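Next comes coords-v5.txt, with compact mmCIF, C-alpha atoms.
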# COMPACT_ATOMS: atom_id res chain seq x y z
CA MET W 18 39.01 -10.74 -123.36
CA ARG W 19 37.58 -7.29 -123.88
CA VAL W 20 36.21 -6.35 -120.48
CA ALA W 21 34.23 -3.28 -119.44
CA VAL W 22 34.65 -2.24 -115.82
CA SER W 23 32.67 0.43 -113.95
CA GLY W 24 33.41 2.28 -110.71
CA LEU W 25 36.48 4.32 -111.65
CA ASN W 26 36.46 6.68 -108.70
CA ASN W 27 39.78 6.34 -106.91
CA THR W 28 39.73 8.99 -104.20
CA ASP W 29 39.85 8.24 -100.47
CA ASN W 30 36.33 6.86 -101.00
CA PRO W 31 37.33 4.48 -103.77
CA ALA W 32 35.06 2.39 -105.93
CA PRO W 33 36.06 -1.20 -106.78
CA GLY W 34 36.65 -0.58 -110.51
CA ILE W 35 40.35 0.32 -110.41
CA PRO W 36 41.35 -2.64 -108.19
CA VAL W 37 39.35 -4.91 -110.53
CA ALA W 38 41.06 -3.36 -113.58
CA LYS W 39 44.51 -3.72 -112.01
CA SER W 40 43.77 -7.40 -111.41
CA LEU W 41 42.76 -7.94 -115.05
CA MET W 42 45.16 -5.64 -116.93
CA ASP W 43 47.82 -8.26 -117.72
CA LYS W 44 45.58 -10.67 -119.60
CA ASN W 45 42.72 -8.52 -120.90
CA ASN W 46 41.83 -5.41 -122.86
CA LEU W 47 39.99 -3.04 -120.58
CA ILE W 48 37.27 -0.52 -121.27
CA GLY W 49 36.27 1.94 -118.53
CA LEU W 50 32.66 2.88 -117.81
CA SER W 51 32.48 6.13 -115.89
CA TYR W 52 29.70 8.32 -114.53
CA ASP W 53 31.84 11.41 -113.99
CA PRO W 54 34.86 12.83 -115.89
CA ASN W 55 36.38 13.75 -112.52
CA GLU W 56 36.86 10.11 -111.54
CA PRO W 57 40.65 9.77 -111.12
CA GLY W 58 40.73 6.15 -112.34
CA ILE W 59 39.97 7.33 -115.87
CA TYR W 60 43.46 8.84 -116.10
CA HIS W 61 45.54 5.92 -114.77
CA GLY W 62 46.27 4.59 -118.23
CA LEU W 63 44.56 1.28 -117.47
CA PHE W 64 41.86 1.55 -120.14
CA GLU W 65 41.93 1.44 -123.93
CA LYS W 66 38.80 3.56 -123.98
CA VAL W 67 36.65 5.22 -121.36
CA TYR W 68 32.96 5.93 -121.92
CA LEU W 69 30.64 8.12 -119.88
CA MET W 70 27.51 6.26 -118.84
CA PRO W 71 24.05 7.68 -118.11
CA TYR W 72 23.15 7.59 -114.43
CA PRO W 73 21.29 4.38 -113.50
CA SER W 74 18.41 6.50 -112.21
CA LEU W 75 17.61 7.40 -115.85
CA GLY W 76 16.44 3.84 -116.33
CA TYR W 77 16.96 0.85 -118.57
CA GLU W 78 16.22 2.46 -121.98
CA GLU W 79 19.01 5.04 -121.57
CA PHE W 80 21.35 2.32 -120.33
CA LYS W 81 20.45 0.04 -123.25
CA LYS W 82 21.16 2.80 -125.79
CA ARG W 83 24.55 3.52 -124.30
CA ILE W 84 25.74 -0.04 -123.66
CA THR W 85 24.78 -1.22 -127.17
CA ASP W 86 26.58 1.82 -128.57
CA ILE W 87 29.70 0.90 -126.55
CA LYS W 88 29.39 -2.74 -127.66
CA GLU W 89 29.38 -1.60 -131.26
CA LYS W 90 32.35 0.75 -130.85
CA SER W 91 34.61 -1.32 -128.57
CA ASN W 92 33.20 -4.84 -128.95
CA ILE W 93 33.14 -5.51 -125.22
CA GLU W 94 32.61 -9.18 -124.39
CA VAL W 95 32.16 -8.91 -120.64
CA ALA W 96 30.90 -6.24 -118.22
CA ILE W 97 31.84 -6.16 -114.55
CA PRO W 98 29.61 -3.64 -112.73
CA THR W 99 31.00 -2.70 -109.33
CA LEU W 100 28.69 0.01 -108.00
CA ASP W 101 25.72 -0.55 -105.70
CA ALA W 102 23.62 2.04 -107.52
CA GLU W 103 23.92 0.34 -110.93
CA LEU W 104 23.74 -3.30 -109.80
CA PRO W 105 19.94 -3.59 -109.65
CA LEU W 106 19.80 -2.55 -113.31
CA TYR W 107 22.52 -4.98 -114.44
CA ILE W 108 21.00 -7.80 -112.40
CA LYS W 109 17.43 -7.21 -113.49
CA TYR W 110 18.35 -7.02 -117.17
CA GLN W 111 21.20 -9.54 -117.27
CA LYS W 112 19.41 -11.71 -119.85
CA GLU W 113 18.88 -8.73 -122.15
CA ILE W 114 22.50 -7.65 -121.69
CA LYS W 115 23.60 -11.16 -122.66
CA GLU W 116 21.51 -10.87 -125.80
CA PHE W 117 23.54 -7.77 -126.73
CA GLY W 118 26.61 -10.06 -126.70
CA ILE W 119 27.87 -8.88 -123.30
CA LYS W 120 28.43 -11.50 -120.63
CA THR W 121 28.10 -10.82 -116.91
CA TYR W 122 28.41 -13.01 -113.84
CA LEU W 123 25.70 -11.90 -111.47
CA PRO W 124 23.23 -13.33 -108.97
CA SER W 125 19.53 -13.62 -109.72
CA PHE W 126 17.35 -10.69 -108.68
CA GLU W 127 15.80 -12.88 -105.95
CA CYS W 128 19.23 -13.63 -104.45
CA PHE W 129 20.17 -9.97 -104.70
CA GLU W 130 17.01 -8.95 -102.83
CA MET W 131 17.48 -11.60 -100.16
CA ARG W 132 20.64 -9.95 -98.82
CA ASP W 133 19.15 -6.47 -98.80
CA LYS W 134 20.03 -4.68 -95.54
CA SER W 135 16.40 -4.41 -94.50
CA LYS W 136 15.96 -8.18 -94.86
CA LEU W 137 19.09 -9.21 -92.97
CA PRO W 138 17.39 -9.92 -89.62
CA LYS W 139 15.38 -12.76 -91.21
CA PHE W 140 18.14 -13.81 -93.57
CA SER W 141 20.77 -14.08 -90.83
CA LYS W 142 18.45 -16.45 -88.93
CA LYS W 143 18.32 -18.70 -91.98
CA LEU W 144 22.10 -18.54 -92.20
CA GLY W 145 22.39 -19.43 -88.52
CA VAL W 146 24.44 -16.36 -87.75
CA LYS W 147 23.80 -13.56 -85.27
CA HIS W 148 22.75 -10.12 -86.47
CA PRO W 149 22.57 -6.88 -84.53
CA LYS W 150 19.02 -5.82 -83.73
CA THR W 151 17.87 -3.63 -86.63
CA ILE W 152 14.74 -1.53 -87.06
CA GLU W 153 13.66 0.03 -90.35
CA VAL W 154 12.57 3.67 -90.06
CA VAL W 155 10.77 5.92 -92.50
CA SER W 156 9.85 8.83 -90.20
CA LEU W 157 11.23 10.83 -87.31
CA ASP W 158 8.67 9.18 -85.07
CA ASP W 159 9.98 5.76 -86.11
CA LEU W 160 13.52 6.91 -85.39
CA ILE W 161 12.65 8.01 -81.84
CA LYS W 162 10.81 4.74 -81.15
CA ALA W 163 13.70 2.70 -82.56
CA THR W 164 16.34 4.46 -80.46
CA LYS W 165 14.17 3.94 -77.36
CA GLU W 166 13.87 0.24 -78.13
CA ILE W 167 17.54 -0.37 -78.92
CA GLY W 168 19.15 2.17 -76.56
CA PHE W 169 22.20 4.36 -77.29
CA PRO W 170 24.64 4.18 -78.94
CA VAL W 171 23.01 3.12 -82.22
CA MET W 172 24.12 2.96 -85.84
CA VAL W 173 22.00 5.09 -88.19
CA LYS W 174 22.38 3.61 -91.67
CA GLY W 175 21.19 4.25 -95.18
CA ASN W 176 19.79 1.28 -97.04
CA TYR W 177 22.61 1.50 -99.62
CA TYR W 178 25.23 3.94 -98.38
CA LYS W 179 26.47 5.64 -95.25
CA ALA W 180 26.44 4.65 -91.61
CA TYR W 181 27.03 6.78 -88.53
CA LYS W 182 27.26 5.99 -84.84
CA ALA W 183 24.92 8.16 -82.76
CA TYR W 184 25.38 8.51 -79.01
CA ASN W 185 22.21 10.49 -78.32
CA LEU W 186 18.93 11.51 -79.95
CA ASP W 187 20.29 14.83 -81.25
CA GLU W 188 23.02 13.02 -83.14
CA ALA W 189 20.60 10.36 -84.39
CA ILE W 190 18.26 13.05 -85.76
CA GLU W 191 21.19 14.86 -87.42
CA TYR W 192 22.29 11.64 -89.18
CA TYR W 193 18.67 10.78 -90.02
CA TYR W 194 18.40 14.00 -92.07
CA LYS W 195 21.93 13.77 -93.42
CA ILE W 196 21.40 10.29 -94.88
CA SER W 197 17.75 10.61 -95.94
CA ASN W 198 18.38 13.94 -97.73
CA GLU W 199 21.08 12.28 -99.82
CA TRP W 200 19.88 8.71 -100.22
CA GLY W 201 16.20 8.69 -99.32
CA PHE W 202 14.31 6.09 -97.27
CA PRO W 203 14.15 3.65 -95.59
CA LEU W 204 16.85 4.15 -93.00
CA LEU W 205 17.96 1.53 -90.54
CA VAL W 206 18.64 1.93 -86.84
CA GLN W 207 20.94 -0.80 -85.64
CA GLU W 208 22.34 -2.02 -82.34
CA VAL W 209 26.09 -1.38 -81.96
CA ILE W 210 28.10 -4.57 -81.60
CA SER W 211 31.43 -4.19 -79.89
CA GLY W 212 34.10 -6.34 -81.37
CA ILE W 213 36.41 -6.62 -84.31
CA GLU W 214 35.23 -5.97 -87.85
CA ILE W 215 36.28 -8.74 -90.21
CA ASN W 216 35.46 -9.09 -93.90
CA PHE W 217 35.52 -11.78 -96.56
CA VAL W 218 35.51 -11.30 -100.32
CA GLY W 219 34.48 -14.29 -102.38
CA ILE W 220 32.92 -15.62 -105.55
CA GLY W 221 30.06 -18.10 -105.76
CA ASP W 222 29.34 -20.11 -108.91
CA GLY W 223 25.64 -20.51 -108.16
CA GLU W 224 26.24 -23.69 -106.15
CA SER W 225 29.36 -23.35 -104.08
CA LEU W 226 32.03 -20.95 -102.91
CA VAL W 227 34.82 -20.92 -105.49
CA ALA W 228 37.44 -18.67 -103.92
CA GLY W 229 37.86 -16.07 -101.24
CA VAL W 230 40.06 -14.08 -98.91
CA GLY W 231 39.53 -12.68 -95.39
CA MET W 232 40.86 -9.50 -93.86
CA LYS W 233 40.60 -7.21 -90.86
CA LYS W 234 40.70 -3.44 -91.25
CA LEU W 235 43.53 -1.80 -89.34
CA THR W 236 42.91 1.86 -90.17
CA THR W 237 40.04 3.56 -91.97
CA THR W 238 39.27 6.96 -93.46
CA ASP W 239 36.66 9.25 -91.88
CA LEU W 240 34.07 7.50 -94.05
CA GLY W 241 35.07 4.11 -92.64
CA LYS W 242 36.84 3.03 -95.83
CA VAL W 243 39.80 0.74 -95.31
CA TRP W 244 43.23 2.39 -95.54
CA SER W 245 45.30 -0.46 -94.13
CA ALA W 246 44.37 -4.05 -93.32
CA VAL W 247 45.80 -7.45 -92.46
CA SER W 248 44.96 -10.79 -94.06
CA ILE W 249 43.25 -13.24 -91.73
CA LYS W 250 41.95 -16.80 -91.76
CA ASN W 251 38.79 -17.03 -89.71
CA GLU W 252 37.05 -20.39 -89.84
CA GLN W 253 33.65 -19.02 -88.72
CA LEU W 254 33.73 -16.26 -91.32
CA PHE W 255 34.73 -18.73 -94.01
CA SER W 256 32.02 -21.25 -93.02
CA VAL W 257 29.21 -18.71 -92.96
CA SER W 258 30.33 -17.23 -96.32
CA LYS W 259 30.34 -20.74 -97.78
CA LYS W 260 26.91 -21.42 -96.33
CA PHE W 261 25.59 -18.14 -97.75
CA VAL W 262 26.62 -19.14 -101.28
CA GLU W 263 25.37 -22.73 -100.98
CA MET W 264 22.09 -21.86 -99.28
CA ILE W 265 20.82 -19.34 -101.83
CA GLY W 266 22.89 -20.34 -104.85
CA TRP W 267 24.81 -17.08 -105.07
CA ARG W 268 26.47 -16.43 -108.41
CA GLY W 269 29.11 -13.74 -108.67
CA ALA W 270 31.26 -11.66 -106.39
CA PHE W 271 30.28 -10.69 -102.85
CA GLU W 272 31.70 -9.18 -99.70
CA PHE W 273 30.62 -10.53 -96.33
CA GLU W 274 31.00 -7.94 -93.55
CA ALA W 275 30.92 -9.20 -89.99
CA MET W 276 31.83 -8.37 -86.41
CA SER W 277 33.51 -10.88 -84.16
CA ASP W 278 33.52 -10.68 -80.38
CA GLY W 279 36.04 -13.52 -80.31
CA LYS W 280 33.28 -16.07 -79.79
CA ASP W 281 30.45 -15.34 -82.21
CA ILE W 282 30.18 -13.80 -85.63
CA TYR W 283 27.60 -11.06 -86.27
CA LEU W 284 26.54 -10.47 -89.86
CA ILE W 285 26.62 -6.73 -90.61
CA GLU W 286 25.95 -6.76 -94.34
CA ILE W 287 26.56 -8.63 -97.59
CA ASN W 288 27.61 -6.50 -100.54
CA PRO W 289 26.67 -7.99 -103.94
CA ARG W 290 29.94 -7.06 -105.64
CA PHE W 291 33.70 -6.90 -105.24
CA PRO W 292 34.80 -4.48 -102.50
CA ALA W 293 37.31 -1.70 -103.23
CA TRP W 294 39.97 -3.70 -101.36
CA VAL W 295 39.72 -6.63 -103.80
CA TYR W 296 43.23 -5.99 -105.15
CA PHE W 297 44.47 -7.25 -101.76
CA SER W 298 43.21 -10.70 -102.77
CA THR W 299 45.10 -10.42 -106.07
CA MET W 300 48.31 -9.49 -104.25
CA LEU W 301 47.75 -12.44 -101.90
CA GLY W 302 47.72 -14.76 -104.92
CA VAL W 303 43.95 -15.21 -105.28
CA ASN W 304 43.05 -13.08 -108.29
CA LEU W 305 39.29 -12.99 -107.81
CA PRO W 306 38.44 -10.74 -110.80
CA GLN W 307 40.40 -13.08 -113.11
CA ILE W 308 38.67 -16.11 -111.53
CA LEU W 309 35.34 -14.41 -112.30
CA LEU W 310 36.37 -14.04 -115.94
CA ASP W 311 37.49 -17.69 -116.07
CA LEU W 312 34.05 -18.70 -114.78
CA ILE W 313 32.39 -16.54 -117.44
CA GLU W 314 34.48 -18.26 -120.09
CA GLY W 315 33.36 -21.62 -118.75
CA LYS W 316 36.89 -22.64 -117.77
CA LYS W 317 37.35 -25.24 -115.10
CA VAL W 318 38.27 -23.25 -112.01
CA GLU W 319 40.03 -24.82 -109.06
CA LYS W 320 38.86 -23.73 -105.62
CA ARG W 321 41.23 -21.14 -104.18
CA PHE W 322 41.31 -20.47 -100.47
CA ASP W 323 45.03 -20.77 -99.89
CA TYR W 324 46.72 -17.48 -99.14
CA PRO W 325 49.08 -16.20 -96.45
CA SER W 326 47.68 -14.58 -93.32
CA GLU W 327 49.52 -11.76 -91.54
CA LYS W 328 50.14 -9.84 -94.79
CA MET W 329 49.51 -6.12 -94.53
CA TYR W 330 47.53 -4.17 -97.12
CA VAL W 331 48.45 -0.51 -97.43
CA ARG W 332 46.75 2.13 -99.57
CA TYR W 333 48.70 5.19 -100.58
CA VAL W 334 48.27 8.35 -102.62
CA GLU W 335 49.70 8.59 -106.13
CA GLU W 336 49.71 11.46 -108.57
CA THR W 337 49.64 11.69 -112.34
CA MET W 338 49.44 14.29 -115.11
CA VAL W 339 47.47 14.11 -118.35
CA ASP W 340 46.48 16.53 -121.10
CA PHE W 341 43.50 18.63 -120.02
CA ASN W 342 42.15 17.87 -123.45
CA LYS W 343 41.33 14.32 -122.29
CA PHE W 344 39.06 15.69 -119.61
CA SER W 345 37.34 18.18 -121.92
CA THR W 346 36.93 15.57 -124.67
CA LEU W 347 35.29 13.19 -122.22
CA ILE W 348 32.84 15.91 -121.21
CA SER W 349 31.97 16.90 -124.77
CA LYS W 350 32.16 13.59 -126.63
CA LYS W 351 31.32 11.25 -123.73
CA GLU W 352 34.28 9.03 -124.62
CA ILE W 353 38.07 9.10 -124.83
CA MET Z 30 40.59 -20.09 -76.65
CA LEU Z 31 42.04 -17.48 -79.02
CA LEU Z 32 45.38 -17.51 -77.21
CA ASN Z 33 46.11 -20.97 -78.58
CA GLU Z 34 46.34 -19.60 -82.11
CA MET Z 35 48.65 -16.72 -81.22
CA ILE Z 36 51.79 -16.54 -83.35
CA ILE Z 37 54.70 -14.68 -81.76
CA ASP Z 38 57.32 -13.19 -84.08
CA GLU Z 39 60.97 -12.26 -83.49
CA ASN Z 40 59.91 -8.78 -82.30
CA ASN Z 41 57.72 -10.29 -79.57
CA MET Z 42 54.58 -9.25 -81.44
CA GLY Z 43 51.72 -11.70 -80.88
CA PHE Z 44 49.30 -12.08 -83.81
CA ILE Z 45 45.86 -13.76 -83.84
CA PRO Z 46 45.39 -15.09 -87.42
CA SER Z 47 41.59 -15.42 -87.23
CA LEU Z 48 40.95 -11.84 -86.12
CA GLY Z 49 44.02 -9.94 -87.28
CA THR Z 50 44.64 -8.47 -83.83
CA SER Z 51 48.16 -8.01 -82.53
CA TYR Z 52 49.74 -7.46 -79.12
CA GLN Z 53 53.19 -6.26 -78.08
CA LEU Z 54 54.57 -8.69 -75.51
CA ASN Z 55 57.42 -8.43 -73.06
CA GLU Z 56 59.55 -11.43 -72.11
CA SER Z 57 57.39 -12.30 -69.08
CA ALA Z 58 54.18 -12.17 -71.15
CA LYS Z 59 55.77 -14.34 -73.81
CA LYS Z 60 56.85 -16.87 -71.18
CA ILE Z 61 53.41 -17.00 -69.51
CA ILE Z 62 51.65 -17.42 -72.88
CA LYS Z 63 54.02 -20.25 -73.78
CA LEU Z 64 53.20 -21.99 -70.45
CA ILE Z 65 49.43 -21.47 -70.94
CA LYS Z 66 49.70 -23.01 -74.41
CA GLU Z 67 51.50 -25.99 -72.84
CA GLY Z 68 48.40 -26.50 -70.70
CA LYS Z 69 49.83 -25.30 -67.38
CA SER Z 70 47.41 -23.95 -64.78
CA LYS Z 71 47.77 -20.51 -63.21
CA GLU Z 72 49.17 -22.06 -60.02
CA GLU Z 73 51.70 -24.14 -61.95
CA ILE Z 74 52.80 -21.04 -63.90
CA VAL Z 75 53.27 -19.07 -60.67
CA LYS Z 76 55.33 -21.90 -59.20
CA ILE Z 77 57.56 -22.14 -62.28
CA LEU Z 78 58.10 -18.39 -62.53
CA SER Z 79 58.83 -17.90 -58.83
CA GLN Z 80 61.30 -20.80 -58.89
CA GLU Z 81 63.04 -19.45 -61.97
CA SER Z 82 63.22 -15.85 -60.75
CA GLY Z 83 63.72 -16.57 -57.06
CA LYS Z 84 60.95 -14.09 -56.27
CA ASN Z 85 58.32 -14.44 -53.57
CA TRP Z 86 55.42 -16.72 -54.62
CA ARG Z 87 52.79 -14.18 -53.52
CA ASP Z 88 54.32 -11.32 -55.56
CA VAL Z 89 54.54 -13.50 -58.64
CA TYR Z 90 50.94 -14.67 -58.09
CA ILE Z 91 49.69 -11.04 -58.06
CA ASP Z 92 51.47 -10.28 -61.35
CA VAL Z 93 50.31 -13.50 -63.04
CA GLU Z 94 46.73 -12.97 -61.84
CA ASP Z 95 46.85 -9.42 -63.24
CA PHE Z 96 48.10 -10.76 -66.56
CA PHE Z 97 45.33 -13.39 -66.69
CA GLN Z 98 42.77 -10.63 -66.14
CA LYS Z 99 44.25 -8.70 -69.06
CA LEU Z 100 44.05 -11.78 -71.28
CA LYS Z 101 40.37 -12.10 -70.31
CA VAL Z 102 39.67 -8.44 -71.06
CA TYR Z 103 41.22 -8.89 -74.50
CA GLY Z 104 39.08 -12.01 -75.02
CA LEU Z 105 42.14 -14.22 -75.45
CA ILE Z 106 41.14 -16.64 -72.69
CA LYS Z 107 37.78 -17.50 -71.19

Now, as a test, write the supplied structure out as structure tokens.
Amino acid sequence: MRVAVSGLNNTDNPAPGIPVAKSLMDKNNLIGLSYDPNEPGIYHGLFEKVYLMPYPSLGYEEFKKRITDIKEKSNIEVAIPTLDAELPLYIKYQKEIKEFGIKTYLPSFECFEMRDKSKLPKFSKKLGVKHPKTIEVVSLDDLIKATKEIGFPVMVKGNYYKAYKAYNLDEAIEYYYKISNEWGFPLLVQEVISGIEINFVGIGDGESLVAGVGMKKLTTTDLGKVWSAVSIKNEQLFSVSKKFVEMIGWRGAFEFEAMSDGKDIYLIEINPRFPAWVYFSTMLGVNLPQILLDLIEGKKVEKRFDYPSEKMYVRYVEETMVDFNKFSTLISKKEI
Amino acid sequence: MLLNEMIIDENNMGFIPSLGTSYQLNESAKKIIKLIKEGKSKEEIVKILSQESGKNWRDVYIDVEDFFQKLKVYGLIK
């Protein structure tokens, strides 16, 4: 298949696009969709063509112009968006995108909204899983009230990106400005749960959980991004992920982030896409991006939850060299 | 009880498959964990270890009690 993949940043704050592309490269022709010529993944040699995309904030009309242009030039059959910032657009206009001849495998907008961070307190109750106390804040006054109610330490989180642990009001205010200046409002102030962070990546077919893999982070970067991890099999995490898909009819990839205190599971967030560590699942023998494509093609897909635990995932740095001309061409012509 | 799922490898590293946590064990820890998994009580474990080592029951009890506290702190037993 001719598959377009976004999210080509591959620094120490990696996007999921390169792991997705690596999972699909053997059986598919890949087209890269990039927002910045500096994204290292452009130069890995994984893509037949790479196109620069307009920022999602420019709206649907700009997106439509570009994606139909790319369809015409590279005849892409499928698009796999992997970035939080672009997902609302792809999800909202998935019917229109299908009409352009580009298939996606995404949840409905209602499902997408349901797992929004600000709605998790209610949603976790429906799921029957615990959730750290969370208060939405839109002003400094709200922040002060929220920290008084929850007590320090607290997590100060953006609604889409970034999360910092604050041990006192000074730190909380610093993070409040840091996140809101970059990502806007609302912010969330959340109780800190002590325990072990465990994650599950899976795919729902709109009715049931099709496949998935669990892991625990061993080391992270300063931004909290996984650098090494170990595969795990946690029955509670699996059950609640399965329930999540079945209860709301989730269609597409997701990542379920949770904390475990050894007894209970606390839902931290549900990301509506593959995580950047999804290539771990491929290496474990559960190629989730390929399973997603098989579902798009309407193939009969067998449920896949069998993988070895106690396997270690290790990221490392790699270097490459390309003609500078590639970079300059991408800037000037918006494609290479 | 998380301890029941602990897998111990040839390097005496104990691994909990549901949480991905690991613990370096010495021979005594490995032995006590094996006895706990067999369903032995703390008192039975103390008796077995003091008989095997020929050490005073009270000294062994203090060490075993200390180890049980550590297992509790790590959330491996209730």

- Near-Pro124 (chain W) list (7 Å; all atoms listed in the file; drop same-chain fewer than 5 positions) as JSON, numbers by chain: {"W": [108, 129, 267, 268, 269]}

Output for the residues just chosen: C-alpha atoms as a compact mmCIF listing (two decimals), keeping the file's coordinate frame:
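Below is the file that was written, result-v1.txt:
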# COMPACT_ATOMS: atom_id res chain seq x y z
CA ILE W 108 21.00 -7.80 -112.40
CA PHE W 129 20.17 -9.97 -104.70
CA TRP W 267 24.81 -17.08 -105.07
CA ARG W 268 26.47 -16.43 -108.41
CA GLY W 269 29.11 -13.74 -108.67

- Message: I'd like the neighbourhood of Tyr72 (chain W) as JSON, numbers by chain, where a residue qualifies if any of its atoms comes within 9 Å (using all atoms listed in the file), though same-chain residues fewer than 6 positions away should be ignored.
- Response: {"W": [52, 79, 80, 102, 103]}

- Query: Which distance in Å separates CA of Lys165 (chain W) and CA of Glu130 (chain W), to one decimal?
  - Reply: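 If I compute the distance from CA of Lys165 (chain W) to CA of Glu130 (chain W), I get 28.7 Å.
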
- Contacts of Gly104 (chain Z) at 8 Å or less, counting all atoms listed in the file, minus same-chain residues fewer than 3 places along, as a PyMOL selection string? (chain W and resi 278-279) or (chain Z and resi 31+100-101+107)

- Item | Nearby residues, (20.4, -2.2, -86.0) file frame, 12 Å, all atoms listed in the file, as a VMD selection string | chain W and resid 134 to 138 147 to 154 160 163 to 164 166 to 176 180 to 183 204 to 210 283 to 286

- Please determine the residues with any atom at most 12 Å from (53.1, -13.6, -78.0) (coordinates as given in the file, with only C-alpha atoms counting) and report them as a count of residues only. 34

- Residue list for chain W near chain Z as a PyMOL selection string, 10 Å, all atoms listed in the file: chain W and resi 212-216+231-235+246-254+276-280+325-329
